[in-house]
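Chemist: The structure follows.
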Amino acid sequence: MSELVHPFHRFIRPSVTHTTFCPGCGDGIVAQSILRAIDGLGMDLDDFVFVSGIGCAAWIPSPFFNADVLHTTHGRPIAFAFGIKMGLPEKKVMVVSGDGDLVAIGGNHLIQNARRNVEMVVICINNGIYGMTGGQAAPTTPMGIRTTTTPYGTVENTFNISRLVIAAGASFVACWTTFHPRQLTSSIEKAIQKKGFAFIEVFSQCPIQFGRKTGVGSAVQMMEDYKKRSISPKEAAKLSEEELRGKIVVGELVDIEKPEMLEEVKRMKNKAKGGSE
Amino acid sequence: MNEKRVLTGRYFMMGNVACAEGAIAAGCEFTAGYPITPATEIANRLAERLPQVGGGFFQMEDEISAIAAVIGASWAGRKAMTVTSGPGISLMLENIGFAVGVETPCVIVNVQRGAPTTGMPTVGVQGDMVQARRGSHGDYEIIALCPSSPQEMFDHTVIAFNYAETYRTPVFILSDAFVGHMREEVIIPEPEKIRTVYRKIPESGTDPQKIRGFLDEDVAPMPIFGKGFKAHVTSSCHDEYGKRNLIDISALDKFIRKLSNKILKHKEEITIVERDYEGAEIVLVSYGAVARAAATAASQARKEGIPVGTLRLITVWPFPGEEIEKMARKAKQVIVLENNLGQIYPYIKAEAAHFAEVSFLPPRLVGEIQDPEDILRKIREVSK
Ligand SMILES: Cc1ncc(C[n+]2csc(CCOP(=O)(O)OP(=O)(O)O)c2C)c(N)n1
Ligand code: SF4
Ligand SMILES: [Mg+2]
């Protein structure tokens, strides 16, 4: 008798028996998009080293992906990834972590490595909240929303993460939501092939710590909301800052060629050895 | 150019420069740091020399990322080091604990300076001795070496790499501004005379599911990245296979004990001390730059007919308690000398007080090394 096996089962660590994500969590959609992209490129998980920080999103590669995985400290995965990439330049290095991890506590590593334009893929799962610690406000939580640490509503302005990373100098930036898994997969494929810092922001529903606590609703309602709020960069260009509020600009926002750090390091080493640049 | 890895020869060299040369001679390929006095000369030298031999120094955005990158490079299979001073170590502590927890070989150089806080950057103190041992959260063991000369900045850096690779652990060099900035003769041996060690790794082709890459008191082979070992490396509590376990406290107990025992079980082979207390009734115990003053005072006292000896701790961590006890059993008086207000003193006293009188002599001013005259005065006082 033949058994039904998920086509990506081969990518899952054999010791993993169940998912740790809550029902309806968007992290599963992102995990599948990553694996679909790798499969689509005909690559193997052994071509990669995955790095993650601390949070629900960080648990996508750790332990699920049957590959070399470094599950690091909160906020620091990109800094660890820098050392891994310098040590193994021929491997693809992919960071998967949350918005709190990469943009709050780890914000400096994000912008500095975007500036350096070190070849790596960074996937930032933006659920607008600290999921793992129980629904505290993040720098991405929309203003006015009630969370466990902002019982009267958040009083802070929010980060537009993609814009931040574009300004910092990344050579590839895309933004999607869990409502766009195909587009997301295609952007991940491009990001993997990019010679440079490739950043993808994914708006992803946390129905438990965000949806339920803030009253925004179920996973399905949150995804429908993403659909409603998503607009293309072309449409966005016609809107004022005020009109853009609450919208999610989805698409491939930046895809440019610029000096990549590993290439520059190679040239520098040749120079140091007295060779030609 | 085309420089060599080992610059065999006799030099008049600064301690910090010797440290950089020691790292390169030991096979270090990746270094990362953030500028800080009094450690900058190490970084500068690495930045110049490492690219000539295929490696690199990377200036990071802070010390948190410096140690993170070093740990990443180590998992990528490279020998790696970071260099800093006290404020930088304070920032690194969380990730130092990470390196301990996932058993990452790396070398951390702390050229200690006037502290607490921003303190006085160009003055040497031994102010971060216990921080190296206890600074990161939780129970763990660490290895730390205390050089007292530029020659030892070279030699100890080589040893530090060998210990890091052998025991899969971060190893500290606890130097200070005195030793770092001191210029003295440094002899760099022939490459064949420098013993270097590289970590054990699993045999290539091993079934990834069978690799026990963690928590072996005799040091598990390191499933470094890029070799198809499919290593799951997490600082969450895990088992021998690297599998996370966040519910079973017996797994936590094992996680804590195995990591500590990995160092403690090999304490004897790690410990390095210099004993010169045959027939002595009074023994001066010290380490680092202060040991130079202690040696001077002891030889002066002996000329005066007072039986004074010395014990110098080269590895301060793991604490060589057995060595202290052995010495104290023969001594009547133990005088502990440190350039601080007494950081290792309580540890020494705990081992020695049962057998001998133990006292502490700080420098007249912290940040000054004890004047041998002051040490002599103290010796005469206790010998009465
Ligand atoms: C230094 C440090 N501070 C705080 C924490 C606690 N902590 C764990 S996960 C987390 C937030 C994670 O949020 P995010 O990165 O957005 O991931 P999510 O769970 O939302 O996917 C925090 C604050 C920690 N592990 N380490
Ligand atoms: S808390 Fe939120 S982000 Fe975390 S697993 Fe549950 S639904 Fe997903
Ligand atoms: Mg989050």
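Each chain in the structure tokens gets a letter, A, B and so on, in the order shown; residues start at 1 in every chain, and ligands are counted from 1 in the order they appear.
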Which residues are near ligand 3 in this structure, taking near to mean any atom at most 6 Å from a ligand atom and counting only C-alpha atoms and all ligand atoms? Format them as a PDB file with all heavy atoms, in the first residue's frame.
Modeler:
```
ATOM      1  N   GLY A  98      11.661  36.905  13.152  1.00  0.00           N
ATOM      2  CA  GLY A  98      10.487  37.761  13.304  1.00  0.00           C
ATOM      3  C   GLY A  98      10.799  39.247  13.251  1.00  0.00           C
ATOM      4  O   GLY A  98      11.953  39.677  13.208  1.00  0.00           O
ATOM      5  N   ASP A  99       9.733  40.046  13.266  1.00  0.00           N
ATOM      6  CA  ASP A  99       9.874  41.502  13.210  1.00  0.00           C
ATOM      7  C   ASP A  99      10.501  42.049  14.489  1.00  0.00           C
ATOM      8  O   ASP A  99      11.347  42.942  14.436  1.00  0.00           O
ATOM      9  CB  ASP A  99       8.519  42.163  12.946  1.00  0.00           C
ATOM     10  CG  ASP A  99       7.404  41.660  13.862  1.00  0.00           C
ATOM     11  OD1 ASP A  99       7.553  40.568  14.450  1.00  0.00           O
ATOM     12  OD2 ASP A  99       6.389  42.356  13.991  1.00  0.00           O
ATOM     13  N   GLY A 100      10.112  41.492  15.627  1.00  0.00           N
ATOM     14  CA  GLY A 100      10.712  41.963  16.880  1.00  0.00           C
ATOM     15  C   GLY A 100      12.196  41.661  16.890  1.00  0.00           C
ATOM     16  O   GLY A 100      13.025  42.498  17.238  1.00  0.00           O
ATOM     17  N   ASN A 126       6.678  39.522   9.544  1.00  0.00           N
ATOM     18  CA  ASN A 126       6.097  40.650  10.252  1.00  0.00           C
ATOM     19  C   ASN A 126       4.660  40.318  10.651  1.00  0.00           C
ATOM     20  O   ASN A 126       3.753  40.427   9.843  1.00  0.00           O
ATOM     21  CB  ASN A 126       6.158  41.887   9.347  1.00  0.00           C
ATOM     22  CG  ASN A 126       5.611  43.121  10.045  1.00  0.00           C
ATOM     23  OD1 ASN A 126       5.137  43.037  11.182  1.00  0.00           O
ATOM     24  ND2 ASN A 126       5.666  44.257   9.381  1.00  0.00           N
ATOM     25  N   ASN A 127       4.516  39.912  11.913  1.00  0.00           N
ATOM     26  CA  ASN A 127       3.155  39.668  12.417  1.00  0.00           C
ATOM     27  C   ASN A 127       2.698  40.833  13.296  1.00  0.00           C
ATOM     28  O   ASN A 127       1.677  40.768  13.956  1.00  0.00           O
ATOM     29  CB  ASN A 127       3.071  38.325  13.167  1.00  0.00           C
ATOM     30  CG  ASN A 127       4.094  38.217  14.281  1.00  0.00           C
ATOM     31  OD1 ASN A 127       4.728  39.208  14.643  1.00  0.00           O
ATOM     32  ND2 ASN A 127       4.256  37.033  14.829  1.00  0.00           N
ATOM     33  N   GLY A 128       3.520  41.883  13.327  1.00  0.00           N
ATOM     34  CA  GLY A 128       3.116  43.095  14.038  1.00  0.00           C
ATOM     35  C   GLY A 128       3.064  42.948  15.541  1.00  0.00           C
ATOM     36  O   GLY A 128       2.462  43.770  16.235  1.00  0.00           O
ATOM     37  N   ILE A 129       3.739  41.925  16.052  1.00  0.00           N
ATOM     38  CA  ILE A 129       3.609  41.636  17.485  1.00  0.00           C
ATOM     39  C   ILE A 129       4.768  40.764  17.950  1.00  0.00           C
ATOM     40  O   ILE A 129       5.465  40.182  17.131  1.00  0.00           O
ATOM     41  CB  ILE A 129       2.248  40.918  17.749  1.00  0.00           C
ATOM     42  CG1 ILE A 129       1.763  41.060  19.191  1.00  0.00           C
ATOM     43  CG2 ILE A 129       2.314  39.440  17.358  1.00  0.00           C
ATOM     44  CD1 ILE A 129       0.962  42.278  19.441  1.00  0.00           C
ATOM     45  N   TYR A 130       4.989  40.698  19.254  1.00  0.00           N
ATOM     46  CA  TYR A 130       5.864  39.693  19.825  1.00  0.00           C
ATOM     47  C   TYR A 130       4.986  38.475  20.110  1.00  0.00           C
ATOM     48  O   TYR A 130       4.269  38.444  21.103  1.00  0.00           O
ATOM     49  CB  TYR A 130       6.479  40.178  21.136  1.00  0.00           C
ATOM     50  CG  TYR A 130       7.590  41.221  20.991  1.00  0.00           C
ATOM     51  CD1 TYR A 130       8.230  41.729  22.112  1.00  0.00           C
ATOM     52  CD2 TYR A 130       8.010  41.665  19.745  1.00  0.00           C
ATOM     53  CE1 TYR A 130       9.252  42.663  22.009  1.00  0.00           C
ATOM     54  CE2 TYR A 130       9.031  42.601  19.624  1.00  0.00           C
ATOM     55  CZ  TYR A 130       9.644  43.095  20.760  1.00  0.00           C
ATOM     56  OH  TYR A 130      10.642  44.014  20.643  1.00  0.00           O
ATOM     57  N   GLY A 131       5.044  37.509  19.204  1.00  0.00           N
ATOM     58  CA  GLY A 131       4.168  36.349  19.359  1.00  0.00           C
ATOM     59  C   GLY A 131       4.594  35.462  20.512  1.00  0.00           C
ATOM     60  O   GLY A 131       3.818  35.192  21.431  1.00  0.00           O
TER      61      GLY A 131
END
```
Chemist: Distance limit 10 Å, reference ligand 1, atoms considered: only C-alpha atoms and all ligand atoms. Which residues make the cut? Give them as an MDAnalysis selection string.
Modeler: (chainID A and resid 21 25:27 52:60 72:76 96:106 124:141 204:206 209:210) or (chainID B and resid 94:95 236)
Chemist: If you run DSSP over the backbone, which residues in region 83-185 of chain A end up helix (DSSP H, G or I)? Put them as a count of residues only.
Modeler: 35
Chemist: For a quick test of understanding: name the residues of chain B lying within 6 Å of chain A when counting only C-alpha atoms, and present them as a compact mmCIF listing (two decimals) with N, CA and C atoms, in the first residue's frame.
Modeler:
```txt
# COMPACT_ATOMS: atom_id res chain seq x y z
N MET B 1 55.03 41.25 -1.39
CA MET B 1 54.54 40.91 -0.04
C MET B 1 54.45 39.40 0.14
N ASN B 2 53.30 38.81 -0.11
CA ASN B 2 53.10 37.37 0.09
C ASN B 2 53.69 36.89 1.41
N PRO B 51 44.64 39.30 5.93
CA PRO B 51 44.33 39.17 4.49
C PRO B 51 45.52 38.66 3.67
N GLN B 52 46.75 38.93 4.14
CA GLN B 52 47.93 38.45 3.41
C GLN B 52 48.02 36.93 3.41
N SER B 65 27.78 41.96 17.74
CA SER B 65 27.88 41.33 16.41
C SER B 65 29.27 40.74 16.20
N ALA B 68 29.15 37.39 17.74
CA ALA B 68 28.20 36.58 16.96
C ALA B 68 28.85 36.11 15.65
N ALA B 69 29.53 37.02 14.98
CA ALA B 69 30.17 36.66 13.71
C ALA B 69 31.28 35.63 13.93
N VAL B 70 32.00 35.79 15.04
CA VAL B 70 33.06 34.83 15.37
C VAL B 70 32.47 33.43 15.59
N GLY B 72 29.64 32.35 14.36
CA GLY B 72 29.19 31.90 13.04
C GLY B 72 30.34 31.34 12.22
N ALA B 73 31.46 32.07 12.21
CA ALA B 73 32.62 31.63 11.43
C ALA B 73 33.17 30.32 11.98
N ALA B 76 31.26 27.66 10.73
CA ALA B 76 31.59 27.48 9.31
C ALA B 76 32.93 26.75 9.16
N PHE B 225 29.28 23.29 9.79
CA PHE B 225 28.39 23.52 8.65
C PHE B 225 29.10 23.27 7.32
N GLY B 228 27.32 18.63 5.05
CA GLY B 228 26.21 17.69 4.92
C GLY B 228 25.82 17.01 6.23
N LYS B 230 23.93 18.29 8.42
CA LYS B 230 22.57 18.74 8.77
C LYS B 230 22.46 19.03 10.27
N ALA B 231 23.42 19.77 10.76
CA ALA B 231 23.49 20.03 12.20
C ALA B 231 22.35 20.93 12.66
N HIS B 232 21.69 20.53 13.71
CA HIS B 232 20.73 21.42 14.34
C HIS B 232 21.39 22.00 15.57
N VAL B 233 21.74 23.27 15.49
CA VAL B 233 22.50 23.90 16.56
C VAL B 233 21.61 24.93 17.24
N THR B 234 21.20 24.64 18.44
CA THR B 234 20.34 25.57 19.16
C THR B 234 20.85 25.74 20.58
```
Chemist: Give me, as a short mmCIF file (atom, residue, chain, number, x, y, z; two decimals) with C-alpha atoms, in the first residue's frame, the residues of region 71-276 of chain A that a backbone DSSP run labels strand (DSSP E or B).
Modeler:
```cif
data_model
loop_
_atom_site.label_atom_id
_atom_site.label_comp_id
_atom_site.auth_asym_id
_atom_site.auth_seq_id
_atom_site.Cartn_x
_atom_site.Cartn_y
_atom_site.Cartn_z
CA HIS A 71 19.29 28.98 16.12
CA LYS A 92 23.65 30.12 0.53
CA VAL A 93 22.93 31.66 3.91
CA MET A 94 19.31 32.35 4.78
CA VAL A 95 18.05 34.13 7.89
CA VAL A 96 14.44 33.57 8.93
CA SER A 97 13.18 35.53 11.93
CA GLY A 98 10.49 37.76 13.30
CA MET A 120 22.47 36.58 2.15
CA VAL A 121 18.71 36.15 2.14
CA VAL A 122 16.83 37.61 5.08
CA ILE A 123 13.17 36.73 5.50
CA CYS A 124 11.45 38.86 8.09
CA ILE A 125 8.09 37.63 9.27
CA ASN A 126 6.10 40.65 10.25
CA TYR A 130 5.86 39.69 19.83
CA GLN A 136 3.52 42.53 23.44
CA THR A 147 -1.58 44.69 23.33
CA THR A 150 -0.13 48.63 25.81
CA PHE A 172 16.94 43.31 -3.33
CA VAL A 173 13.82 44.09 -1.31
CA ALA A 174 10.39 42.53 -1.69
CA CYS A 175 7.30 42.66 0.47
CA TRP A 176 4.37 40.23 0.42
CA THR A 177 1.72 38.86 2.74
CA PHE A 197 21.71 41.47 0.56
CA ALA A 198 18.25 40.22 -0.36
CA PHE A 199 15.46 41.09 2.02
CA ILE A 200 11.88 39.90 2.04
CA GLU A 201 9.27 41.16 4.43
CA VAL A 202 6.21 38.96 4.83
CA PHE A 203 3.12 40.16 6.62
CA SER A 230 -2.32 45.35 -0.27
CA ILE A 231 -1.50 47.66 -3.16
CA ILE A 248 0.75 47.34 2.51
CA VAL A 249 2.83 48.01 -0.57
CA GLY A 251 5.83 43.56 -4.75
CA GLU A 252 9.49 43.55 -5.61
CA LEU A 253 10.42 47.00 -4.45
CA VAL A 254 14.13 47.06 -5.24
CA ASP A 255 16.32 44.90 -7.46
#
```
Chemist: Would you pick out the contacts of region 331-342 of chain B at 9 Å or less, using only C-alpha atoms, so that residues sharing its chain but fewer than 3 positions from it are not included, and give the list as number ranges by chain?
Modeler: B: 124-127, 277, 279-291, 294, 327-328, 345-346, 348-349, 352-353, 355-363, 365-370, 375, 378-379, 382-383
Chemist: Using only C-alpha atoms and all ligand atoms, find the one residue out of A:Arg212, A:His9, A:Lys190, A:Arg36 that sits nearest to ligand 2.
Modeler: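 Ranking A:Arg212, A:His9, A:Lys190, A:Arg36 by distance to ligand 2, first place goes to A:Arg212.
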Chemist: Mind checking which residues fall within 8 Å of Glu21 (chain B), counting only C-alpha atoms, ignoring those fewer than 2 positions away in the same chain, and posting them as a list in words?
Modeler: Val6, Leu7, Val17, Ala18, Cys19, Ala23, Ile24, Ala25, Leu46 and Phe154 of chain B
Chemist: Between CA of Thr40 (chain B) and CA of Glu184 (chain B), what distance in Å does the model show, to one decimal?
Modeler: 18.4 Å
Chemist: List as a PyMOL selection string the protein and nucleic acid residues near region 269-276 of chain B, meaning an atom at most 10 Å away when only C-alpha atoms are counted, but skip any in the same chain fewer than 5 places from it.
Modeler: chain B and resi 143-145+159+163+167+263-264+283-285+287+295+298+308-320+322-324+327
Chemist: Using only C-alpha atoms for the distances, tell me which of A:Phe11, A:Thr178, A:Ile166, A:Tyr226 is nearest to Gly24 (chain A).
Modeler: A:Thr178
Chemist: What lies within 10 Å of Val219 (chain B) using only C-alpha atoms, ignoring chain neighbours under 6 positions off, as a list in words?
Modeler: Glu103, Glu165, Thr166, Tyr167, Arg168, Thr169, Arg199, Lys200, Gly213, Lys258, Leu259, Lys262 and Ile263 of chain B
Chemist: From the set A:Arg267, A:Lys213, A:Arg163, A:Lys238, which residue has the shortest atom-to-atom contact distance to ligand 2, counting only C-alpha atoms and all ligand atoms?
Modeler: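 Using only C-alpha atoms and all ligand atoms, the shortest distance to ligand 2 belongs to A:Lys213.
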Chemist: Which residue gives the smallest distance to ligand 2 among A:Val5, A:Cys22, A:Ala168, A:Ile38, with only C-alpha atoms and all ligand atoms counted?
Modeler: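 Ranking A:Val5, A:Cys22, A:Ala168, A:Ile38 by distance to ligand 2, first place goes to A:Cys22.
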